[in-house]
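Next comes run_35.txt, a file with compact mmCIF, C-alpha atoms.
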# COMPACT_ATOMS: atom_id res chain seq x y z
CA MET O 1 130.70 167.10 88.15
CA ASN O 2 130.95 163.55 89.41
CA ILE O 3 132.41 161.55 86.53
CA LYS O 4 130.39 158.50 87.62
CA LYS O 5 127.19 160.30 86.68
CA LEU O 6 128.47 160.86 83.17
CA LEU O 7 130.06 157.54 82.31
CA LEU O 8 128.15 154.56 80.99
CA HIS O 9 129.36 152.37 83.83
CA PHE O 10 126.07 150.66 84.60
CA MET O 11 127.56 147.49 83.17
CA GLY O 12 128.70 146.11 86.51
CA LEU O 13 130.81 143.02 87.10
CA VAL O 14 130.05 140.86 90.09
CA PHE O 15 132.41 138.10 91.13
CA ALA O 16 130.20 135.63 92.91
CA MET O 17 130.10 134.15 89.62
CA SER O 18 121.98 131.07 76.52
CA LEU O 19 121.06 129.71 74.36
CA ALA O 20 119.13 127.36 72.07
CA VAL O 21 118.42 127.68 68.41
CA ALA O 22 114.98 129.19 67.86
CA GLN O 23 112.20 126.89 66.76
CA ASN O 24 109.58 127.90 64.21
CA SER O 25 106.06 128.64 65.35
CA GLU O 26 103.11 127.29 63.37
CA ASP O 27 101.89 130.84 62.80
CA VAL O 28 105.03 132.29 61.22
CA ASN O 29 107.24 131.78 58.20
CA SER O 30 110.95 131.77 58.94
CA TYR O 31 113.66 132.99 56.57
CA ARG O 32 117.38 132.44 57.13
CA GLY O 33 120.33 133.75 55.20
CA GLU O 34 123.40 135.95 55.05
CA VAL O 35 124.05 139.61 54.21
CA PHE O 36 127.47 140.33 52.70
CA ASP O 37 129.60 142.90 50.88
CA LEU O 38 129.19 142.40 47.12
CA LYS O 39 132.79 143.35 46.39
CA THR O 40 134.69 141.53 49.14
CA ASN O 41 132.14 138.82 50.06
CA LYS O 42 132.76 139.66 53.71
CA PRO O 43 129.75 139.37 56.05
CA LEU O 44 128.02 142.59 57.08
CA VAL O 45 127.67 142.65 60.85
CA PHE O 46 124.55 144.29 62.37
CA ALA O 47 122.84 144.84 59.01
CA SER O 48 119.14 145.61 59.47
CA LEU O 49 116.23 143.72 57.91
CA ALA O 50 112.76 145.26 58.21
CA VAL O 51 109.42 144.18 56.78
CA GLU O 52 108.00 147.25 55.05
CA GLY O 53 104.57 148.38 56.20
CA THR O 54 105.05 146.65 59.58
CA ASN O 55 107.13 147.13 62.71
CA ILE O 56 108.83 143.74 62.32
CA SER O 57 112.62 143.74 62.07
CA THR O 58 115.78 141.88 62.98
CA ILE O 59 119.53 142.24 62.59
CA THR O 60 122.45 140.12 61.37
CA ASN O 61 124.90 138.58 63.83
CA THR O 62 128.69 138.88 63.89
CA GLU O 63 128.90 136.37 61.04
CA GLY O 64 126.40 138.24 58.86
CA ASN O 65 123.69 135.60 59.36
CA PHE O 66 120.04 136.36 60.07
CA GLN O 67 116.73 134.72 60.84
CA LEU O 68 113.55 136.67 60.13
CA LYS O 69 110.15 135.46 61.33
CA VAL O 70 107.07 136.89 59.62
CA PRO O 71 103.43 136.04 60.42
CA LYS O 72 101.85 133.84 57.74
CA THR O 73 99.12 136.44 57.33
CA ILE O 74 101.73 138.72 55.69
CA THR O 75 102.40 137.42 52.18
CA ASP O 76 102.96 140.29 49.76
CA ALA O 77 105.27 142.58 51.74
CA ASN O 78 108.84 143.60 50.94
CA VAL O 79 111.91 143.31 53.15
CA LEU O 80 114.27 146.32 53.30
CA ILE O 81 117.91 145.37 53.91
CA SER O 82 120.18 148.23 54.96
CA PHE O 83 123.65 148.76 56.33
CA LEU O 84 125.59 151.90 57.19
CA GLY O 85 127.52 153.11 54.13
CA TYR O 86 125.84 150.72 51.67
CA SER O 87 123.00 151.06 49.19
CA SER O 88 119.84 149.54 50.60
CA LYS O 89 118.10 146.65 48.86
CA THR O 90 114.43 145.68 48.76
CA ILE O 91 113.40 142.05 48.28
CA ALA O 92 109.86 140.67 48.06
CA LEU O 93 108.97 138.13 50.75
CA ALA O 94 107.83 135.80 47.99
CA ASP O 95 111.39 135.79 46.61
CA LEU O 96 112.97 134.69 49.90
CA LYS O 97 113.67 131.03 50.56
CA GLU O 98 113.37 129.28 53.88
CA ASN O 99 117.16 128.89 54.11
CA LYS O 100 120.42 129.97 52.49
CA ASN O 101 119.33 133.38 51.23
CA LYS O 102 122.39 135.29 49.98
CA ILE O 103 121.92 139.07 50.00
CA GLY O 104 124.76 141.25 48.73
CA LEU O 105 124.95 145.02 49.28
CA ALA O 106 127.15 147.52 47.43
CA ILE O 107 129.08 150.36 49.05
CA SER O 108 127.59 153.82 48.57
CA VAL O 109 129.86 156.74 49.47
CA THR O 110 128.89 160.30 48.53
CA GLN O 111 130.96 163.43 49.00
CA LEU O 112 128.97 166.34 50.37
CA ALA O 113 130.36 168.49 47.57
CA GLU O 114 128.54 166.30 45.04
CA VAL O 115 125.12 167.30 46.29
CA ASP O 116 123.41 170.60 46.93
CA VAL O 117 123.97 170.65 50.69
CA GLU O 118 125.45 173.40 52.79
CA VAL O 119 128.11 171.90 55.04
CA PRO O 120 127.95 173.26 58.61
CA LYS O 121 131.17 174.87 59.76
CA ASP O 122 130.82 173.93 63.41
CA ALA O 123 130.60 170.20 64.14
CA ALA O 124 130.01 170.78 67.86
CA ALA O 125 127.06 173.08 67.12
CA LEU O 126 125.55 170.38 64.89
CA VAL O 127 125.79 167.85 67.73
CA ARG O 128 124.08 170.26 70.13
CA GLU O 129 121.31 170.92 67.60
CA THR O 130 120.80 167.19 67.09
CA LEU O 131 120.46 166.53 70.82
CA LEU O 132 118.01 169.41 71.22
CA ARG O 133 115.74 168.23 68.39
CA LYS O 134 114.87 164.89 69.98
CA GLY O 135 111.32 166.05 70.68
CA GLU O 136 110.49 166.64 67.02
CA ASN O 137 112.53 163.89 65.33
CA TYR O 138 111.91 160.90 67.61
CA PHE O 139 108.87 159.06 68.94
CA ASP O 140 106.67 161.46 70.87
CA ASP O 141 104.14 158.87 72.06
CA PRO O 142 104.55 156.22 74.77
CA THR O 143 105.57 153.04 72.96
CA LEU O 144 105.53 149.35 73.92
CA MET O 145 108.46 147.57 72.32
CA THR O 146 109.24 143.88 72.09
CA ALA O 147 112.98 143.28 72.16
CA PHE O 148 115.43 140.41 72.11
CA TYR O 149 118.34 140.63 74.55
CA ARG O 150 121.45 138.48 74.72
CA GLU O 151 124.52 138.57 76.92
CA THR O 152 127.59 136.38 76.64
CA ILE O 153 130.71 135.85 78.70
CA LYS O 154 133.82 134.47 77.06
CA LYS O 155 137.07 133.31 78.63
CA ARG O 156 139.51 134.19 75.91
CA ARG O 157 137.72 132.82 72.82
CA ARG O 158 135.52 130.23 74.51
CA ASN O 159 131.86 130.89 75.38
CA VAL O 160 131.36 130.07 79.04
CA SER O 161 128.07 131.75 79.88
CA LEU O 162 125.13 132.60 77.63
CA SER O 163 121.84 134.21 78.61
CA GLU O 164 119.03 135.61 76.48
CA ALA O 165 115.56 136.98 76.97
CA VAL O 166 112.48 138.45 75.35
CA VAL O 167 111.62 141.69 77.13
CA ASN O 168 108.92 144.35 76.92
CA ILE O 169 110.23 147.91 76.91
CA TYR O 170 107.79 150.59 78.02
CA LYS O 171 109.42 153.44 76.13
CA SER O 172 108.48 156.94 77.25
CA PRO O 173 108.46 159.82 74.72
CA TYR O 174 111.91 161.09 73.85
CA ASP O 175 111.16 164.56 75.19
CA SER O 176 109.99 163.11 78.52
CA GLN O 177 112.24 163.00 81.58
CA ARG O 178 110.67 159.70 82.67
CA ARG O 179 112.95 156.71 82.29
CA ASP O 180 111.92 153.62 80.39
CA ALA O 181 110.60 150.57 82.21
CA VAL O 182 111.48 146.98 81.30
CA GLU O 183 109.48 143.83 81.91
CA LEU O 184 110.93 140.34 81.54
CA PHE O 185 108.76 138.08 79.40
CA LYS O 186 110.96 134.98 79.26
CA ALA O 187 114.62 134.22 79.74
CA ARG O 188 116.98 131.26 79.56
CA LYS O 189 120.63 130.56 80.15
CA SER O 190 123.43 128.05 80.01
CA THR O 191 126.75 128.21 81.79
CA ASP O 192 129.77 125.96 81.49
CA TYR O 193 131.11 126.51 84.99
CA SER O 194 134.03 124.17 84.35
CA ARG O 195 135.55 126.90 82.18
CA LEU O 196 135.14 129.63 84.77
CA ASP O 197 137.64 130.32 87.51
CA THR O 198 137.19 129.39 91.17
CA VAL O 199 134.61 132.12 91.57
CA ALA O 200 131.92 132.76 89.02
CA LEU O 201 131.46 135.95 87.04
CA LYS O 202 128.15 137.72 86.53
CA LEU O 203 126.95 140.76 84.62
CA GLN O 204 124.81 143.20 86.58
CA GLY O 205 122.23 145.38 84.85
CA GLY O 206 120.86 143.01 82.22
CA PRO O 207 118.90 144.80 79.46
CA PHE O 208 119.61 148.19 81.03
CA ASN O 209 123.23 147.82 79.91
CA THR O 210 122.03 148.20 76.34
CA LEU O 211 118.94 150.36 76.84
CA TYR O 212 120.95 153.22 78.35
CA VAL O 213 123.16 153.34 75.25
CA ASP O 214 120.21 155.18 73.65
CA ILE O 215 122.10 158.51 73.49
CA ILE O 216 119.09 160.55 72.44
CA LYS O 217 116.99 159.36 75.38
CA TYR O 218 119.87 159.34 77.87
CA PRO O 219 122.41 161.96 76.73
CA GLU O 220 123.55 162.51 80.32
CA PHE O 221 125.50 159.25 80.23
CA ILE O 222 127.86 160.49 77.52
CA PHE O 223 127.12 164.03 76.28
CA ASP O 224 126.09 166.00 79.31
CA PHE O 225 125.66 169.54 77.96
CA GLU O 226 127.99 170.92 80.61
CA LEU O 227 130.79 168.68 79.37
CA LEU O 228 130.36 169.00 75.59
CA LYS O 229 133.16 171.55 75.71
CA ASP O 230 135.51 168.76 76.87
CA TYR O 231 135.14 167.03 73.49
CA LYS O 232 136.69 167.94 70.17
CA PHE O 233 134.26 167.41 67.24
CA SER O 234 135.26 167.29 63.56
CA PHE O 235 133.66 166.30 60.25
CA ASP O 236 134.68 163.05 58.55
CA ARG O 237 133.78 161.78 55.09
CA SER O 238 130.03 161.57 54.58
CA THR O 239 128.16 158.33 53.93
CA ARG O 240 124.64 156.97 53.38
CA ILE O 241 122.20 154.83 55.31
CA ASN O 242 118.87 153.72 53.86
CA ASP O 243 119.92 155.86 50.88
CA ARG O 244 119.85 159.00 53.04
CA LEU O 245 122.85 161.32 53.14
CA ILE O 246 124.62 161.23 56.50
CA TYR O 247 127.14 163.53 58.17
CA VAL O 248 129.89 161.61 59.95
CA ILE O 249 131.33 163.40 62.98
CA ASN O 250 134.42 162.27 64.87
CA PHE O 251 134.71 163.10 68.55
CA THR O 252 137.41 162.64 71.15
CA GLN O 253 138.14 164.11 74.54
CA ARG O 254 140.41 167.15 74.67
CA LYS O 255 143.98 166.64 75.85
CA TYR O 256 143.59 168.75 78.97
CA VAL O 257 140.75 166.52 80.27
CA ILE O 258 142.05 164.08 82.88
CA ASP O 259 139.01 161.91 83.60
CA PRO O 260 138.23 159.23 80.99
CA LEU O 261 135.57 160.22 78.46
CA TYR O 262 134.68 158.76 75.05
CA GLU O 263 135.85 158.78 71.47
CA GLY O 264 134.09 157.60 68.34
CA LYS O 265 131.77 158.57 65.49
CA LEU O 266 128.28 160.05 65.26
CA TYR O 267 126.13 159.55 62.15
CA ILE O 268 123.67 162.43 61.69
CA ASP O 269 121.01 162.66 58.97
CA VAL O 270 121.74 165.69 56.76
CA GLU O 271 118.12 166.58 56.05
CA ASN O 272 116.58 166.63 59.53
CA ARG O 273 119.56 166.57 61.93
CA THR O 274 118.72 163.16 63.40
CA LEU O 275 121.23 160.85 65.02
CA THR O 276 120.94 157.56 63.12
CA SER O 277 123.90 155.67 64.65
CA ALA O 278 126.80 156.07 67.04
CA VAL O 279 129.91 153.93 67.55
CA TYR O 280 132.26 154.83 70.37
CA SER O 281 134.50 153.56 73.16
CA LEU O 282 135.77 154.60 76.56
CA ASN O 283 139.16 156.26 76.56
CA ILE O 284 140.86 154.18 79.26
CA THR O 285 143.64 156.44 80.53
CA ASP O 286 143.73 155.08 84.08
CA LYS O 287 142.97 151.37 84.41
CA GLU O 288 142.50 151.51 88.18
CA LYS O 289 139.98 154.34 87.93
CA ALA O 290 138.18 152.47 85.14
CA ALA O 291 138.12 149.33 87.28
CA ARG O 292 136.40 151.23 90.09
CA LEU O 293 133.70 152.31 87.64
CA PHE O 294 132.84 148.82 86.43
CA VAL O 295 133.70 146.24 89.09
CA ARG O 296 130.99 146.03 91.73
CA LYS O 297 132.39 143.23 93.89
CA LYS O 298 135.47 141.01 93.87
CA PRO O 299 137.65 138.92 96.20
CA ALA O 300 140.55 140.74 97.83
CA GLN O 301 143.12 138.49 96.16
CA VAL O 302 141.94 139.39 92.64
CA ASP O 303 142.84 142.44 90.54
CA VAL O 304 140.43 143.28 87.69
CA TRP O 305 140.75 146.04 85.10
CA PRO O 306 139.09 146.74 81.75
CA THR O 307 141.16 146.80 78.57
CA GLU O 308 138.33 147.80 76.20
CA VAL O 309 134.83 149.23 76.67
CA ALA O 310 132.93 149.81 73.41
CA TYR O 311 129.36 150.81 72.50
CA ARG O 312 127.10 150.98 69.47
CA VAL O 313 123.54 152.25 68.98
CA ASP O 314 121.39 152.26 65.83
CA TYR O 315 118.08 154.04 65.27
CA ARG O 316 115.31 153.20 62.81
CA GLU O 317 112.74 155.38 61.09
CA LYS O 318 109.00 154.89 60.64
CA ASP O 319 106.63 157.50 59.18
CA GLY O 320 109.13 160.31 59.67
CA LYS O 321 109.87 159.49 63.31
CA TRP O 322 112.99 157.74 64.61
CA TYR O 323 113.32 155.29 67.48
CA TYR O 324 115.85 153.10 69.26
CA GLY O 325 116.39 149.91 67.28
CA TYR O 326 119.59 148.15 68.34
CA SER O 327 122.57 148.55 70.66
CA ASN O 328 125.47 146.54 71.96
CA VAL O 329 128.13 146.86 74.62
CA LEU O 330 131.50 145.10 74.78
CA LEU O 331 133.58 144.97 77.93
CA GLU O 332 136.95 143.22 77.82
CA PHE O 333 139.02 142.92 80.97
CA LYS O 334 141.87 141.06 82.63
CA VAL O 335 141.65 139.14 85.88
CA ASN O 336 144.87 138.73 87.81
CA TRP O 337 144.91 136.18 90.60
CA LYS O 338 147.73 137.06 92.97
CA ASP O 339 148.58 133.41 93.55
CA LYS O 340 148.57 132.49 89.84
CA LEU O 341 151.26 133.01 87.23
CA PHE O 342 149.01 133.97 84.28
CA ASN O 343 146.14 136.41 83.81
CA SER O 344 142.67 135.38 82.69
CA VAL O 345 141.15 137.39 79.83
CA TYR O 346 137.38 137.75 79.74
CA SER O 347 135.02 139.55 77.40
CA MET O 348 131.39 140.32 78.12
CA THR O 349 128.95 141.32 75.40
CA ALA O 350 125.39 142.55 75.78
CA GLU O 351 123.14 143.32 72.80
CA MET O 352 119.48 144.14 72.35
CA ALA O 353 117.35 144.50 69.21
CA VAL O 354 113.82 145.86 69.02
CA THR O 355 111.88 143.36 66.89
CA ASP O 356 108.37 144.86 67.07
CA TRP O 357 106.54 147.79 68.62
CA GLU O 358 103.16 149.45 68.98
CA LYS O 359 101.94 152.72 70.45
CA ASN O 360 101.17 152.49 74.14
CA LEU O 361 98.26 154.92 73.95
CA SER O 362 97.08 154.23 77.49
CA GLY O 363 100.53 155.03 78.83
CA GLU O 364 100.27 152.00 81.09
CA LEU O 365 103.42 150.79 82.80
CA PRO O 366 104.15 147.34 84.22
CA LYS O 367 103.36 146.90 87.89
CA ASN O 368 106.28 147.41 90.23
CA ARG O 369 106.53 143.73 91.11
CA SER O 370 107.02 142.76 87.44
CA ARG O 371 109.46 145.53 86.51
CA LEU O 372 113.10 144.65 86.15
CA LYS O 373 115.42 146.41 88.55
CA LYS O 374 118.54 148.08 87.21
CA SER O 375 120.55 145.79 89.50
CA ILE O 376 119.22 142.62 87.84
CA ILE O 377 121.58 139.75 87.08
CA LEU O 378 119.85 137.99 84.21
CA SER O 379 121.68 134.71 84.65
CA ASP O 380 120.18 134.46 88.15
CA GLU O 381 116.65 135.11 86.86
CA ALA O 382 116.77 132.89 83.77
CA ILE O 383 115.80 129.23 83.64
CA GLY O 384 117.36 126.43 81.55
CA PHE O 385 117.28 126.10 77.79
CA SER O 386 115.44 122.82 77.24
CA ASP O 387 112.06 124.21 76.09
CA PRO O 388 112.02 123.67 72.29
CA ASP O 389 109.18 126.15 71.71
CA PHE O 390 110.63 128.85 73.94
CA TRP O 391 110.82 131.61 71.35
CA GLY O 392 107.69 130.81 69.39
CA GLU O 393 107.02 133.61 66.93
CA TYR O 394 109.59 136.03 68.35
CA ASN O 395 112.45 137.29 66.23
CA ILE O 396 115.89 136.77 67.71
CA ILE O 397 119.42 137.58 66.64
CA GLU O 398 120.71 134.46 64.94
CA PRO O 399 123.33 132.77 67.18
CA GLU O 400 126.93 132.59 65.99
CA LYS O 401 128.35 129.17 65.18
CA SER O 402 130.58 129.34 68.25
CA ILE O 403 127.55 129.89 70.48
CA GLU O 404 125.65 127.05 68.84
CA SER O 405 128.65 124.76 69.36
CA ALA O 406 128.97 125.78 73.00
CA ILE O 407 125.30 125.08 73.67
CA LYS O 408 125.43 121.68 71.98
CA LYS O 409 128.45 120.75 74.06
CA ILE O 410 126.78 121.84 77.30
CA GLN O 411 123.60 119.97 76.34
CA ARG O 412 125.63 116.78 75.78
CA GLN O 413 127.31 117.23 79.17
CA LEU O 414 123.94 117.63 80.89
CA ARG O 415 122.51 114.58 79.14
CA ARG O 416 125.48 112.48 80.24
CA ALA O 417 125.17 113.76 83.80
CA LYS O 418 121.43 112.92 83.89
CA SER O 419 122.13 109.49 82.38
CA ARG O 420 124.69 108.73 85.11
CA GLN O 421 122.22 109.84 87.79
CA GLY O 422 119.51 107.66 86.28
CA THR O 423 121.67 104.53 86.26
CA SER O 424 123.23 105.00 89.70
CA THR O 425 122.00 102.80 92.53
CA PRO O 426 121.18 104.07 96.02

Whole structure, structure tokens version:
Amino acid sequence: MNIKKLLLHFMGLVFAMSLAVAQNSEDVNSYRGEVFDLKTNKPLVFASLAVEGTNISTITNTEGNFQLKVPKTITDANVLISFLGYSSKTIALADLKENKNKIGLAISVTQLAEVDVEVPKDAAALVRETLLRKGENYFDDPTLMTAFYRETIKKRRRNVSLSEAVVNIYKSPYDSQRRDAVELFKARKSTDYSRLDTVALKLQGGPFNTLYVDIIKYPEFIFDFELLKDYKFSFDRSTRINDRLIYVINFTQRKYVIDPLYEGKLYIDVENRTLTSAVYSLNITDKEKAARLFVRKKPAQVDVWPTEVAYRVDYREKDGKWYYGYSNVLLEFKVNWKDKLFNSVYSMTAEMAVTDWEKNLSGELPKNRSRLKKSIILSDEAIGFSDPDFWGEYNIIEPEKSIESAIKKIQRQLRRAKSRQGTSTP
């Protein structure tokens, strides 16, 4: 089998070579805060916050911070805060403040032997069963999802390019062979080209980079049934998510397999054999082969190779059915200019969170002219970031402090440049 069909290499790099803080809408209440570990006080990254009885949700950023926007018409609901391996917490909306909410979660680890559960003997068989049950455990209706997407490019630790968008995902049923369609609602960007090298760097694929990490919908990108035998599966210590008991399964490619596959962990619900989360990375055994998978175009005098390729996907549950909720992709690579003494180190991150959804009972899809192509480069499609009401009522992933600082710096640079243009004489 062609390894390119199997690998999640749609995250393409193109050498040709966003962000503003969300503003509150008049029709929503906004709540900001932090989710952290009660014992260590460390922030919990990618913790989920969902308004019970609705489809509204968001997720914490890499610093554990969140912003949750709730329509003012919703006043007496509760917010469920959950994180893998921790006891969930429910807080009434009325008890949340506008800012500086501190929400601590406690670790919850349960041994399978402590509960009346029969432990499967074959981890690989459990994975196969989980993949085959997607039709009964996951959404079986066409669904229209609203999602927030962000991609960043860093040169070493400095943010140099930021793009984000609100997109509509026309999600087909999980047992359908039809691929999902994506429609761009709005997008914006900012790029500090002074920190990029002579040529600029772009990420090809946009939201599809994260959408195709939905293992249950697109198992062919990682667990093609023909190649499951090339992985070794084993049980790890169990855990909990949303107070449900979860099998944890480790997987890695077998030693005799030459082509690079994946290694990581699968989190499978004990009761109904549902994949709730997956965290994994590409086993880079041959950097040149990996480079051919990811680099779409580059100058002849530049060598580029990935040093890390990592993925994460989380699913959420509503009324007994599960659906794609969040995913992220990290690609770290080195750029070696043949006429330069030192390498440049870049990292590219793409993440997408579903913030609302409704059944698409008509099954309507966006017209071809408004659909995003899988070859999209979001930074080419996006506009600037000056519109203060850009996000309106939409939930976003709260920006990290480093991103906020980068945007403020770029904004100051643009203001100075405009000021100089305005005062110059012909």

For range 89-93 of chain O, take all atoms listed in the file, fit an axis-aligned box around them, add 6 Å to each of the six sides, then output centre and edge lengths in Å rounded to one decimal, as AutoDock Vina command-line options.
--center_x 113.5 --center_y 142.4 --center_z 49.4 --size_x 21.1 --size_y 20.5 --size_z 14.7

Practice prompt. Would you kindly return, as a list in words, each protein, DNA or RNA residue with an atom no farther than 10 Å from any atom of Asp259 in chain O, considering all atoms listed in the file and excluding same-chain residues fewer than 4 positions away?
Written response: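 Returned residues: Ile3, Gln253, Asn283, Ile284, Thr285, Asp286, Lys289 and Ala290 of chain O.
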
Item to complete: Record the distance separating CA of Asp141 in chain O and CA of Leu372 in chain O, expressed in Å with one decimal.
Response: 21.9 Å

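Remark: for Ser379 in chain O, the closest of the candidate residues O:Glu400, O:Glu332, O:Glu288, O:Glu164 is O:Glu164 (distances computed over only C-alpha atoms).
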
Worksheet item: Got a sec: who's within 8 Å of range 262-265 of chain O, counting only C-alpha atoms, leaving out chain neighbours fewer than 6 positions off, as a ChimeraX atom specification?
Response: /O:222,248-253,278-283

Discussion item. Could you check the closest approach to Pro306 in chain O for each of O:Gln67, O:Lys287, O:Lys217, O:Gly320 and tell me which residue wins, using all atoms listed in the file?
Written reply: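 Closest to Pro306 in chain O of all the choices is O:Lys287.
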
Worksheet entry | Which of O:Asp319, O:Glu364, O:Glu151, O:Asp303 sits closest to Glu351 in chain O [using all atoms listed in the file] | O:Glu151

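Of the residues listed (O:Leu266, O:Leu203, O:Leu49, O:Ile258), O:Leu266 shows the shortest atom-to-atom separation from Ser238 in chain O; distances use all atoms listed in the file.
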
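Nearest residue to Arg32 in chain O, choosing from O:Asp269, O:Lys134, O:Pro399, O:Lys229 and counting only C-alpha atoms: O:Pro399.
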
Worksheet entry | CA of Trp322 in chain O to CA of Gly135 in chain O, straight-line distance in Å |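 Here the two named atoms are 10.4 Å from each other.
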
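Atom pair CA of Ser57 in chain O / CA of Arg316 in chain O: separated by 9.9 Å.
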
Kindly complete range 171-190 of chain O to N, CA and C atoms; the output should be written as a PDB file, in the coordinates of the input.
ATOM      1  N   LYS O 171     108.614 152.295  76.532  1.00  0.00           N
ATOM      2  CA  LYS O 171     109.420 153.440  76.130  1.00  0.00           C
ATOM      3  C   LYS O 171     108.620 154.727  76.301  1.00  0.00           C
ATOM      4  N   SER O 172     109.142 155.647  77.088  1.00  0.00           N
ATOM      5  CA  SER O 172     108.480 156.940  77.250  1.00  0.00           C
ATOM      6  C   SER O 172     108.889 157.856  76.107  1.00  0.00           C
ATOM      7  N   PRO O 173     108.109 158.895  75.808  1.00  0.00           N
ATOM      8  CA  PRO O 173     108.460 159.820  74.720  1.00  0.00           C
ATOM      9  C   PRO O 173     109.868 160.373  74.902  1.00  0.00           C
ATOM     10  N   TYR O 174     110.510 160.663  73.780  1.00  0.00           N
ATOM     11  CA  TYR O 174     111.910 161.090  73.850  1.00  0.00           C
ATOM     12  C   TYR O 174     112.077 162.449  74.511  1.00  0.00           C
ATOM     13  N   ASP O 175     111.042 163.265  74.526  1.00  0.00           N
ATOM     14  CA  ASP O 175     111.160 164.560  75.190  1.00  0.00           C
ATOM     15  C   ASP O 175     110.696 164.503  76.641  1.00  0.00           C
ATOM     16  N   SER O 176     110.412 163.298  77.134  1.00  0.00           N
ATOM     17  CA  SER O 176     109.990 163.110  78.520  1.00  0.00           C
ATOM     18  C   SER O 176     111.198 162.805  79.393  1.00  0.00           C
ATOM     19  N   GLN O 177     111.170 163.277  80.632  1.00  0.00           N
ATOM     20  CA  GLN O 177     112.240 163.000  81.580  1.00  0.00           C
ATOM     21  C   GLN O 177     112.079 161.621  82.237  1.00  0.00           C
ATOM     22  N   ARG O 178     110.920 160.998  82.039  1.00  0.00           N
ATOM     23  CA  ARG O 178     110.670 159.700  82.670  1.00  0.00           C
ATOM     24  C   ARG O 178     111.503 158.612  82.007  1.00  0.00           C
ATOM     25  N   ARG O 179     112.116 157.793  82.817  1.00  0.00           N
ATOM     26  CA  ARG O 179     112.950 156.710  82.290  1.00  0.00           C
ATOM     27  C   ARG O 179     112.088 155.545  81.827  1.00  0.00           C
ATOM     28  N   ASP O 180     112.637 154.767  80.934  1.00  0.00           N
ATOM     29  CA  ASP O 180     111.920 153.620  80.390  1.00  0.00           C
ATOM     30  C   ASP O 180     111.836 152.502  81.431  1.00  0.00           C
ATOM     31  N   ALA O 181     110.771 151.731  81.343  1.00  0.00           N
ATOM     32  CA  ALA O 181     110.600 150.570  82.210  1.00  0.00           C
ATOM     33  C   ALA O 181     110.745 149.302  81.376  1.00  0.00           C
ATOM     34  N   VAL O 182     111.250 148.245  81.996  1.00  0.00           N
ATOM     35  CA  VAL O 182     111.480 146.980  81.300  1.00  0.00           C
ATOM     36  C   VAL O 182     110.821 145.851  82.072  1.00  0.00           C
ATOM     37  N   GLU O 183     110.165 144.981  81.322  1.00  0.00           N
ATOM     38  CA  GLU O 183     109.480 143.830  81.910  1.00  0.00           C
ATOM     39  C   GLU O 183     110.024 142.571  81.249  1.00  0.00           C
ATOM     40  N   LEU O 184     110.395 141.590  82.058  1.00  0.00           N
ATOM     41  CA  LEU O 184     110.930 140.340  81.540  1.00  0.00           C
ATOM     42  C   LEU O 184     109.787 139.419  81.141  1.00  0.00           C
ATOM     43  N   PHE O 185     109.788 138.996  79.869  1.00  0.00           N
ATOM     44  CA  PHE O 185     108.760 138.080  79.400  1.00  0.00           C
ATOM     45  C   PHE O 185     109.219 136.636  79.605  1.00  0.00           C
ATOM     46  N   LYS O 186     110.380 136.296  79.061  1.00  0.00           N
ATOM     47  CA  LYS O 186     110.960 134.980  79.260  1.00  0.00           C
ATOM     48  C   LYS O 186     112.466 135.081  79.132  1.00  0.00           C
ATOM     49  N   ALA O 187     113.167 134.209  79.827  1.00  0.00           N
ATOM     50  CA  ALA O 187     114.620 134.220  79.740  1.00  0.00           C
ATOM     51  C   ALA O 187     115.149 132.804  79.915  1.00  0.00           C
ATOM     52  N   ARG O 188     116.329 132.559  79.394  1.00  0.00           N
ATOM     53  CA  ARG O 188     116.980 131.260  79.560  1.00  0.00           C
ATOM     54  C   ARG O 188     118.478 131.448  79.543  1.00  0.00           C
ATOM     55  N   LYS O 189     119.187 130.432  79.994  1.00  0.00           N
ATOM     56  CA  LYS O 189     120.630 130.560  80.150  1.00  0.00           C
ATOM     57  C   LYS O 189     121.290 129.199  80.020  1.00  0.00           C
ATOM     58  N   SER O 190     122.598 129.242  79.865  1.00  0.00           N
ATOM     59  CA  SER O 190     123.430 128.050  80.010  1.00  0.00           C
ATOM     60  C   SER O 190     124.810 128.534  80.414  1.00  0.00           C
TER      61      SER O 190
END
